[in-house]
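Here is the structure we will look at.
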Amino acid sequence: MDELRDYFLCDSCANKDFKRIYNFSLRFHGVNFSDDLIYDQLTDEVYQCTKCHKTFTKKQVEHGLAEIKKKRKKDYMDSTSF
């Protein structure tokens, strides 16, 4: 079987090239057992299209890739059924 390659594409401009962007933040909150303010360090990761600059979350990219796998599998099963 020949190798097939499908790409996750930007749904705005159909570009396949992305760059990773990180956002760093601190989330402050109180807790009921202390008067102190505590914090969590958070890192958000998004992917930006290099052509139109639209951003996608990691979850959106993973969902898009899952849809490609589902479609490719369906197309393959349809073509091999008798």
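Quick note on naming: the chains in the structure tokens go A, B, ... in the order shown, residues restart at 1 in each chain, and ligands are numbered from 1 in order of appearance.
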Within 7 Å of segment 49-59 of chain A using only C-alpha atoms, minus same-chain residues under 5 positions, as number ranges by chain: A: 10, 13, 15, 17-19
Shell around segment 63-74 of chain A at 9 Å using only C-alpha atoms, local window under 4 positions removed, as a VMD selection string: chain A and resid 6 to 9 58 to 59 78 to 79
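Atom CA of Val61 of chain A is positioned 25.3 Å from atom CA of Asp2 of chain A.
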Expected answer as a ChimeraX atom specification: strand (DSSP E or B) residues in chain A: /A:18-31,34-49,55-57
Got time to write the residues from that selection, N, CA, C and O atoms, as a tab-separated table (two decimals), in the first residue's frame?
chain	number	residue	atom	x	y	z
A	18	PHE	N	2.11	25.86	11.21
A	18	PHE	CA	1.72	26.50	12.46
A	18	PHE	C	2.96	26.73	13.31
A	18	PHE	O	3.96	26.03	13.17
A	19	LYS	N	2.88	27.69	14.21
A	19	LYS	CA	3.94	27.87	15.20
A	19	LYS	C	3.29	27.80	16.58
A	19	LYS	O	2.13	28.15	16.77
A	20	ARG	N	4.07	27.31	17.54
A	20	ARG	CA	3.58	27.14	18.89
A	20	ARG	C	3.80	28.41	19.70
A	20	ARG	O	4.87	29.02	19.64
A	21	ILE	N	2.77	28.80	20.44
A	21	ILE	CA	2.84	30.00	21.28
A	21	ILE	C	2.49	29.59	22.70
A	21	ILE	O	1.50	28.90	22.93
A	22	TYR	N	3.30	30.03	23.65
A	22	TYR	CA	3.05	29.74	25.05
A	22	TYR	C	2.62	31.01	25.77
A	22	TYR	O	3.14	32.10	25.50
A	23	ASN	N	1.68	30.87	26.69
A	23	ASN	CA	1.28	31.95	27.59
A	23	ASN	C	1.52	31.45	29.01
A	23	ASN	O	1.09	30.34	29.36
A	24	PHE	N	2.20	32.26	29.81
A	24	PHE	CA	2.50	31.88	31.18
A	24	PHE	C	1.72	32.78	32.11
A	24	PHE	O	1.67	34.00	31.92
A	25	SER	N	1.11	32.19	33.13
A	25	SER	CA	0.32	32.99	34.07
A	25	SER	C	0.35	32.36	35.46
A	25	SER	O	0.75	31.21	35.63
A	26	LEU	N	-0.06	33.15	36.43
A	26	LEU	CA	-0.24	32.68	37.79
A	26	LEU	C	-1.70	32.87	38.16
A	26	LEU	O	-2.29	33.91	37.87
A	27	ARG	N	-2.28	31.86	38.79
A	27	ARG	CA	-3.67	31.94	39.24
A	27	ARG	C	-3.65	31.99	40.77
A	27	ARG	O	-3.18	31.08	41.42
A	28	PHE	N	-4.16	33.08	41.32
A	28	PHE	CA	-4.18	33.27	42.76
A	28	PHE	C	-5.56	32.95	43.31
A	28	PHE	O	-6.56	33.29	42.70
A	29	HIS	N	-5.58	32.28	44.46
A	29	HIS	CA	-6.85	31.98	45.11
A	29	HIS	C	-6.61	31.69	46.58
A	29	HIS	O	-5.52	31.34	47.02
A	30	GLY	N	-7.65	31.88	47.35
A	30	GLY	CA	-7.59	31.58	48.78
A	30	GLY	C	-8.10	30.18	49.05
A	30	GLY	O	-8.74	29.55	48.20
A	31	VAL	N	-7.79	29.68	50.21
A	31	VAL	CA	-8.28	28.37	50.64
A	31	VAL	C	-8.90	28.52	52.02
A	31	VAL	O	-8.55	29.42	52.79
A	34	SER	N	-6.63	28.47	55.47
A	34	SER	CA	-5.53	29.41	55.69
A	34	SER	C	-5.93	30.80	55.22
A	34	SER	O	-6.75	30.96	54.33
A	35	ASP	N	-5.32	31.80	55.85
A	35	ASP	CA	-5.55	33.18	55.42
A	35	ASP	C	-4.62	33.58	54.28
A	35	ASP	O	-4.75	34.66	53.72
A	36	ASP	N	-3.67	32.73	53.99
A	36	ASP	CA	-2.70	33.03	52.94
A	36	ASP	C	-3.31	32.86	51.56
A	36	ASP	O	-4.20	32.04	51.34
A	37	LEU	N	-2.80	33.66	50.66
A	37	LEU	CA	-3.17	33.54	49.25
A	37	LEU	C	-2.21	32.54	48.61
A	37	LEU	O	-0.99	32.64	48.78
A	38	ILE	N	-2.73	31.57	47.91
A	38	ILE	CA	-1.86	30.60	47.22
A	38	ILE	C	-2.00	30.79	45.72
A	38	ILE	O	-2.93	31.45	45.24
A	39	TYR	N	-1.07	30.22	44.97
A	39	TYR	CA	-1.11	30.40	43.52
A	39	TYR	C	-0.70	29.12	42.82
A	39	TYR	O	-0.03	28.26	43.38
A	40	ASP	N	-1.14	29.02	41.59
A	40	ASP	CA	-0.75	27.94	40.69
A	40	ASP	C	-0.13	28.58	39.46
A	40	ASP	O	-0.62	29.60	38.98
A	41	GLN	N	0.95	28.00	38.97
A	41	GLN	CA	1.55	28.47	37.74
A	41	GLN	C	0.92	27.70	36.59
A	41	GLN	O	0.85	26.48	36.62
A	42	LEU	N	0.45	28.42	35.57
A	42	LEU	CA	-0.22	27.80	34.43
A	42	LEU	C	0.54	28.13	33.15
A	42	LEU	O	1.05	29.24	32.98
A	43	THR	N	0.59	27.17	32.25
A	43	THR	CA	1.18	27.39	30.94
A	43	THR	C	0.15	26.96	29.90
A	43	THR	O	-0.26	25.81	29.87
A	44	ASP	N	-0.29	27.91	29.10
A	44	ASP	CA	-1.23	27.62	28.02
A	44	ASP	C	-0.45	27.51	26.72
A	44	ASP	O	0.47	28.29	26.47
A	45	GLU	N	-0.83	26.55	25.92
A	45	GLU	CA	-0.15	26.31	24.65
A	45	GLU	C	-1.18	26.43	23.53
A	45	GLU	O	-2.21	25.78	23.55
A	46	VAL	N	-0.90	27.30	22.57
A	46	VAL	CA	-1.77	27.45	21.40
A	46	VAL	C	-0.91	27.36	20.15
A	46	VAL	O	0.30	27.54	20.19
A	47	TYR	N	-1.57	27.06	19.05
A	47	TYR	CA	-0.88	26.95	17.77
A	47	TYR	C	-1.44	28.01	16.84
A	47	TYR	O	-2.65	28.14	16.68
A	48	GLN	N	-0.55	28.78	16.22
A	48	GLN	CA	-0.96	29.89	15.37
A	48	GLN	C	-0.60	29.60	13.92
A	48	GLN	O	0.54	29.22	13.60
A	49	CYS	N	-1.57	29.78	13.04
A	49	CYS	CA	-1.35	29.63	11.61
A	49	CYS	C	-0.32	30.67	11.16
A	49	CYS	O	-0.43	31.84	11.52
A	55	THR	N	-5.53	31.22	15.75
A	55	THR	CA	-4.98	30.31	16.75
A	55	THR	C	-5.92	29.14	17.02
A	55	THR	O	-7.14	29.26	16.89
A	56	PHE	N	-5.31	28.02	17.38
A	56	PHE	CA	-6.02	26.79	17.70
A	56	PHE	C	-5.46	26.23	19.00
A	56	PHE	O	-4.24	26.27	19.22
A	57	THR	N	-6.32	25.69	19.83
A	57	THR	CA	-5.86	25.02	21.04
A	57	THR	C	-5.37	23.63	20.68
A	57	THR	O	-5.67	23.10	19.61
Picked from chain A by DSSP as alpha helix (DSSP H), as a CSV table (one decimal) with C-alpha atoms, in the first residue's frame:
chain,number,residue,atom,x,y,z
A,58,LYS,CA,-4.2,21.7,21.4
A,59,LYS,CA,-7.6,20.1,21.9
A,60,GLN,CA,-8.8,21.6,18.6
A,61,VAL,CA,-5.8,20.2,16.7
A,62,GLU,CA,-6.2,16.8,18.3
A,63,HIS,CA,-10.0,16.8,17.4
A,64,GLY,CA,-9.1,17.8,13.8
A,65,LEU,CA,-6.6,15.0,13.5
A,66,ALA,CA,-9.1,12.5,14.9
A,67,GLU,CA,-11.6,13.6,12.3
A,68,ILE,CA,-9.0,13.0,9.5
A,69,LYS,CA,-8.3,9.5,10.9
A,70,LYS,CA,-12.1,8.7,11.0
A,71,LYS,CA,-12.6,10.0,7.5
A,72,ARG,CA,-9.6,8.1,6.1
A,73,LYS,CA,-10.7,4.9,7.8
A,74,LYS,CA,-14.2,5.3,6.4
A,75,ASP,CA,-13.0,6.0,2.9
A,76,TYR,CA,-10.7,2.9,3.1
A,77,MET,CA,-13.5,0.7,4.4
A,78,ASP,CA,-15.8,1.9,1.6
A,79,SER,CA,-13.3,1.2,-1.1
A,80,THR,CA,-12.5,-2.3,0.1
